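Listing of upload-v1.pdb, PDB, C-alpha atoms
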ATOM      1  CA  MET A   1      14.660  29.817 213.135
ATOM      2  CA  GLY A   2      16.475  31.876 210.534
ATOM      3  CA  GLU A   3      17.627  31.114 207.038
ATOM      4  CA  ALA A   4      20.873  29.120 206.803
ATOM      5  CA  VAL A   5      23.948  31.240 206.110
ATOM      6  CA  TYR A   6      26.201  28.386 205.065
ATOM      7  CA  THR A   7      26.383  28.830 201.322
ATOM      8  CA  GLU A   8      28.938  26.851 199.362
ATOM      9  CA  ASP A   9      30.991  30.020 198.792
ATOM     10  CA  VAL A  10      31.081  30.859 202.513
ATOM     11  CA  LEU A  11      32.077  27.315 203.451
ATOM     12  CA  ARG A  12      34.682  27.088 200.696
ATOM     13  CA  ASP A  13      36.265  30.378 201.852
ATOM     14  CA  LEU A  14      36.359  29.123 205.452
ATOM     15  CA  PHE A  15      37.801  25.788 204.329
ATOM     16  CA  LEU A  16      40.518  27.486 202.263
ATOM     17  CA  THR A  17      41.357  29.778 205.180
ATOM     18  CA  LEU A  18      41.805  26.776 207.480
ATOM     19  CA  ASP A  19      43.791  24.844 204.826
ATOM     20  CA  SER A  20      47.110  26.554 205.594
ATOM     21  CA  SER A  21      49.109  23.908 203.680
ATOM     22  CA  GLY A  22      47.064  24.523 200.532
ATOM     23  CA  ASP A  23      46.766  20.798 199.777
ATOM     24  CA  GLY A  24      42.963  20.850 199.526
ATOM     25  CA  PHE A  25      42.455  18.946 202.778
ATOM     26  CA  LEU A  26      42.341  19.837 206.459
ATOM     27  CA  SER A  27      44.663  18.104 208.877
ATOM     28  CA  TYR A  28      44.078  17.679 212.587
ATOM     29  CA  GLY A  29      46.641  20.434 213.190
ATOM     30  CA  GLU A  30      44.932  22.839 210.804
ATOM     31  CA  LEU A  31      41.614  22.336 212.589
ATOM     32  CA  LEU A  32      43.333  22.807 215.955
ATOM     33  CA  ASP A  33      44.937  26.038 214.703
ATOM     34  CA  GLY A  34      41.505  27.177 213.537
ATOM     35  CA  LEU A  35      40.045  26.538 216.998
ATOM     36  CA  ASN A  36      42.986  28.264 218.694
ATOM     37  CA  ASN A  37      42.618  31.313 216.447
ATOM     38  CA  SER A  38      38.851  31.506 216.846
ATOM     39  CA  GLU A  39      37.125  33.962 219.135
ATOM     40  CA  VAL A  40      35.992  31.192 221.477
ATOM     41  CA  ASP A  41      36.705  31.984 225.138
ATOM     42  CA  TRP A  42      37.892  28.553 226.269
ATOM     43  CA  GLU A  43      38.349  29.572 229.895
ATOM     44  CA  THR A  44      34.710  30.662 230.178
ATOM     45  CA  LEU A  45      33.505  27.422 228.554
ATOM     46  CA  GLU A  46      35.614  25.314 230.910
ATOM     47  CA  VAL A  47      36.186  22.676 228.241
ATOM     48  CA  ASP A  48      39.419  21.309 226.859
ATOM     49  CA  ARG A  49      40.139  22.316 223.252
ATOM     50  CA  ARG A  50      41.666  18.932 222.458
ATOM     51  CA  THR A  51      38.564  17.131 223.696
ATOM     52  CA  VAL A  52      36.376  19.355 221.529
ATOM     53  CA  LEU A  53      38.645  18.866 218.517
ATOM     54  CA  ASP A  54      38.782  15.101 219.020
ATOM     55  CA  ARG A  55      34.982  14.976 218.887
ATOM     56  CA  ILE A  56      34.865  17.223 215.827
ATOM     57  CA  TRP A  57      37.598  15.178 214.131
ATOM     58  CA  THR A  58      35.746  11.909 214.749
ATOM     59  CA  HIS A  59      32.699  13.271 212.916
ATOM     60  CA  ALA A  60      34.614  15.162 210.234
ATOM     61  CA  ASP A  61      37.050  12.482 209.025
ATOM     62  CA  ARG A  62      34.327  10.104 207.875
ATOM     63  CA  ASP A  63      36.527   7.948 205.677
ATOM     64  CA  GLY A  64      39.297   7.656 208.295
ATOM     65  CA  ASN A  65      42.110   8.785 205.990
ATOM     66  CA  GLU A  66      43.472  11.294 208.546
ATOM     67  CA  ARG A  67      42.435  14.327 206.500
ATOM     68  CA  VAL A  68      39.176  16.164 205.921
ATOM     69  CA  SER A  69      38.032  16.900 202.384
ATOM     70  CA  PHE A  70      35.802  19.829 201.522
ATOM     71  CA  GLY A  71      32.878  17.393 201.140
ATOM     72  CA  GLU A  72      33.430  16.023 204.640
ATOM     73  CA  PHE A  73      33.751  19.566 205.990
ATOM     74  CA  TRP A  74      30.528  20.570 204.235
ATOM     75  CA  GLN A  75      28.720  17.550 205.654
ATOM     76  CA  LEU A  76      29.947  18.306 209.184
ATOM     77  CA  VAL A  77      28.767  21.920 209.047
ATOM     78  CA  SER A  78      25.494  21.028 207.293
ATOM     79  CA  ALA A  79      24.649  18.494 209.971
ATOM     80  CA  THR A  80      25.069  21.080 212.709
ATOM     81  CA  ARG A  81      23.133  23.935 211.181
ATOM     82  CA  SER A  82      19.650  24.685 212.409
ATOM     83  CA  PRO A  83      16.907  23.867 209.933
ATOM     84  CA  THR A  84      14.628  26.644 208.823
ATOM     85  CA  GLU A  85      11.024  26.710 209.958
ATOM     86  CA  GLU A  86      10.048  26.215 206.320
ATOM     87  CA  GLU A  87      12.098  22.995 206.119
ATOM     88  CA  VAL A  88      10.519  21.558 209.271
ATOM     89  CA  ASN A  89       7.009  22.524 208.146
ATOM     90  CA  ARG A  90       7.556  21.020 204.690
ATOM     91  CA  ALA A  91       8.820  17.743 206.153
ATOM     92  CA  PHE A  92       5.887  17.613 208.571
ATOM     93  CA  SER A  93       3.422  18.264 205.729
ATOM     94  CA  PHE A  94       4.958  15.419 203.751
ATOM     95  CA  PHE A  95       4.838  13.178 206.833
ATOM     96  CA  VAL A  96       1.114  13.904 207.261
ATOM     97  CA  LEU A  97       0.520  13.093 203.568
ATOM     98  CA  LEU A  98       2.327   9.779 204.057
ATOM     99  CA  ASP A  99       0.474   8.906 207.271
ATOM    100  CA  LYS A 100      -2.687   7.516 205.663
ATOM    101  CA  SER A 101      -3.761   5.817 208.893
ATOM    102  CA  GLY A 102      -3.492   9.092 210.817
ATOM    103  CA  ASP A 103      -1.830   7.405 213.789
ATOM    104  CA  GLY A 104       1.298   9.590 213.748
ATOM    105  CA  GLN A 105       3.475   6.652 212.684
ATOM    106  CA  LEU A 106       4.500   5.437 209.230
ATOM    107  CA  ASP A 107       4.634   1.824 208.215
ATOM    108  CA  ARG A 108       6.471   0.488 205.171
ATOM    109  CA  LEU A 109       3.328   0.357 203.037
ATOM    110  CA  GLU A 110       2.614   4.044 203.705
ATOM    111  CA  ILE A 111       6.147   4.931 202.595
ATOM    112  CA  GLN A 112       5.842   2.650 199.558
ATOM    113  CA  GLU A 113       2.601   4.334 198.497
ATOM    114  CA  GLY A 114       4.065   7.750 199.294
ATOM    115  CA  LEU A 115       6.878   7.246 196.809
ATOM    116  CA  LYS A 116       4.212   7.251 194.089
ATOM    117  CA  ASN A 117       2.479  10.377 195.450
ATOM    118  CA  PRO A 118       3.208  13.331 193.106
ATOM    119  CA  ASP A 119       2.436  15.785 195.939
ATOM    120  CA  ILE A 120       5.520  14.642 197.868
ATOM    121  CA  ASP A 121       8.814  15.989 196.533
ATOM    122  CA  TRP A 122      11.270  13.341 197.715
ATOM    123  CA  GLU A 123      14.174  15.079 196.000
ATOM    124  CA  LEU A 124      13.510  18.221 198.027
ATOM    125  CA  MET A 125      13.973  16.068 201.132
ATOM    126  CA  GLY A 126      17.349  14.770 199.922
ATOM    127  CA  PHE A 127      16.256  11.501 198.309
ATOM    128  CA  ASP A 128      16.882  10.342 194.749
ATOM    129  CA  ARG A 129      13.825   9.516 192.649
ATOM    130  CA  ASP A 130      14.964   5.897 192.439
ATOM    131  CA  THR A 131      15.004   5.438 196.218
ATOM    132  CA  TYR A 132      13.233   2.301 197.372
ATOM    133  CA  ASP A 133      10.730   2.174 200.207
ATOM    134  CA  ARG A 134      12.737  -0.556 201.953
ATOM    135  CA  HIS A 135      15.819   1.657 201.958
ATOM    136  CA  ILE A 136      13.954   4.639 203.410
ATOM    137  CA  PHE A 137      12.098   2.536 205.953
ATOM    138  CA  LYS A 138      15.200   0.666 207.139
ATOM    139  CA  GLN A 139      17.172   3.892 207.587
ATOM    140  CA  ALA A 140      14.323   5.754 209.269
ATOM    141  CA  ASP A 141      13.196   3.059 211.726
ATOM    142  CA  GLU A 142      16.016   3.717 214.196
ATOM    143  CA  ASP A 143      14.431   1.938 217.154
ATOM    144  CA  GLY A 144      13.453  -1.159 215.148
ATOM    145  CA  ASP A 145       9.764  -1.107 216.099
ATOM    146  CA  ASN A 146       8.616  -1.343 212.444
ATOM    147  CA  ARG A 147       7.070   2.128 212.691
ATOM    148  CA  VAL A 148       8.555   5.501 211.789
ATOM    149  CA  SER A 149       7.743   8.463 214.014
ATOM    150  CA  PHE A 150       8.051  12.041 212.785
ATOM    151  CA  ASP A 151      11.267  12.425 214.811
ATOM    152  CA  GLU A 152      12.787   9.402 213.053
ATOM    153  CA  PHE A 153      11.549  10.671 209.683
ATOM    154  CA  TRP A 154      12.964  14.148 210.354
ATOM    155  CA  GLN A 155      16.386  12.756 211.354
ATOM    156  CA  LEU A 156      16.475  10.760 208.113
ATOM    157  CA  VAL A 157      15.579  13.860 206.085
ATOM    158  CA  LEU A 158      18.392  15.829 207.769
ATOM    159  CA  ARG A 159      20.921  13.049 207.082
ATOM    160  CA  SER A 160      19.789  12.694 203.470
ATOM    161  CA  ILE A 161      20.051  16.422 202.783
ATOM    162  CA  ALA A 162      23.488  16.615 204.434
ATOM    163  CA  GLU A 163      24.735  13.637 202.396
ATOM    164  CA  ARG A 164      23.401  15.141 199.172
ATOM    165  CA  GLU A 165      24.983  18.527 199.932
ATOM    166  CA  ALA A 166      28.320  16.866 200.759
ATOM    167  CA  ALA A 167      28.275  14.865 197.522
ATOM    168  CA  LYS A 168      27.459  18.017 195.566
ATOM    169  CA  ALA A 169      30.272  19.905 197.292
ATOM    170  CA  GLU A 170      32.725  17.047 196.709
ATOM    171  CA  ALA A 171      31.897  17.067 192.999
ATOM    172  CA  ALA A 172      32.430  20.855 192.768
TER     173      ALA A 172
END
structure tokens encoding of this file:
Amino acid sequence: MGEAVYTEDVLRDLFLTLDSSGDGFLSYGELLDGLNNSEVDWETLEVDRRTVLDRIWTHADRDGNERVSFGEFWQLVSATRSPTEEEVNRAFSFFVLLDKSGDGQLDRLEIQEGLKNPDIDWELMGFDRDTYDRHIFKQADEDGDNRVSFDEFWQLVLRSIAEREAAKAEAA
């Protein structure tokens, strides 16, 4: 897995290119024009552009206001990028540090104790320092079994980083 190429400057340039109206937001039509003008060979893919755009739009327009801000655009692209090997390895190392029982699953107590562990950089994983164990555990335990697997933990890390990057981009 290579290093991510989606810097803020690259994404902002792409966003501004797609924003043909210059209003600082992307409309459905502007995204459709972007897809139509892309180098995608739609005939080879045998998929309908509108169907693809509808799915993209559903994920992009998070607040439902019928326009996509740069922060929403950033979050959409961030969520689809491939993580680097370093990011996966770091998250796994942190997971192992948290997993005091060694059973490959985290319980709430392990997360609670892990928040106090100076060897785990929660901010690097997209969390604020004032994050509570209950909040992390509730978000991570997707299947409701009161245990957090590495896959669940990793998905939470990806969401947290994407949300932090989108908030940072929105503030810029």
>> Could you list, as a list of chain:residue names, every residue within 8 Å of range 55-68 of chain A, counting all atoms listed in the file and ignoring same-chain residues fewer than 6 positions away?
In response: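 The residues that qualify are A:Phe25, A:Leu26, A:Ser27, A:Tyr28, A:Gln75, A:Leu76.
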>> At a cut-off of 12 Å around the point (1.8, -0.8, 201.8) (file coordinates), what residues fall inside when counting all atoms listed in the file? I'd like the answer as a ChimeraX atom specification.
In response: /A:98-101,106-116,133-134,137
>> When you count only C-alpha atoms, which of these residues is closest to Asp103 in chain A: A:Val148, A:Leu124, A:Ala140, A:Leu45?
In response: A:Val148
>> Please report the interatomic distance between CA of Asp128 in chain A and CA of Asn89 in chain A in Å with one decimal.
In response: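 Computed distance, CA of Asp128 in chain A to CA of Asn89 in chain A, equals 20.6 Å.
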>> Counting all atoms listed in the file, which residues sit no farther than 6 Å from the position (39.1, 25.8, 222.7) in the file's frame? I'd like them as a VMD selection string.
In response: chain A and resid 35 42 49
>> If we count only C-alpha atoms and set the cut-off at 12 Å, which residues sit around Phe70 in chain A, ignoring sequence neighbours fewer than 6 positions away in its own chain? Please answer as a PyMOL selection string.
In response: chain A and resi 8-9+11-19+23-27+60-62+76-78+165-172
> How far is it from CA of Arg159 in chain A to CA of Gly126 in chain A, in Å with one decimal?
Replying inline: 8.2 Å
> Leaving out Phe150 in chain A and any residue of its chain fewer than 4 positions from it, which residues lie within 8 Å of it when counting all atoms listed in the file, given as a count of residues only?
Replying inline: 5
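The closest residue to Asp141 in chain A, picked from A:Leu97, A:Leu156, A:Val88, A:Val47 and counting all atoms listed in the file, is A:Leu156.
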> Mind pulling up the distance from CA of Glu163 in chain A to CA of Gln139 in chain A?
Replying inline: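 Pair CA of Gln139 in chain A / CA of Glu163 in chain A returns 13.4 Å.
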> With only C-alpha atoms as the basis for distance, which of A:Val40, A:Leu32, A:Ile161, A:Ala91 is at the shortest distance from Asp121 in chain A?
Replying inline: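 Among the listed residues, A:Ala91 lies closest to Asp121 in chain A.
Minimum atom-to-atom distances from A:Ser149, A:Thr131, A:Phe73, A:Asp119 to Gly102 in chain A were compared using all atoms listed in the file, and the lowest value belongs to A:Ser149.
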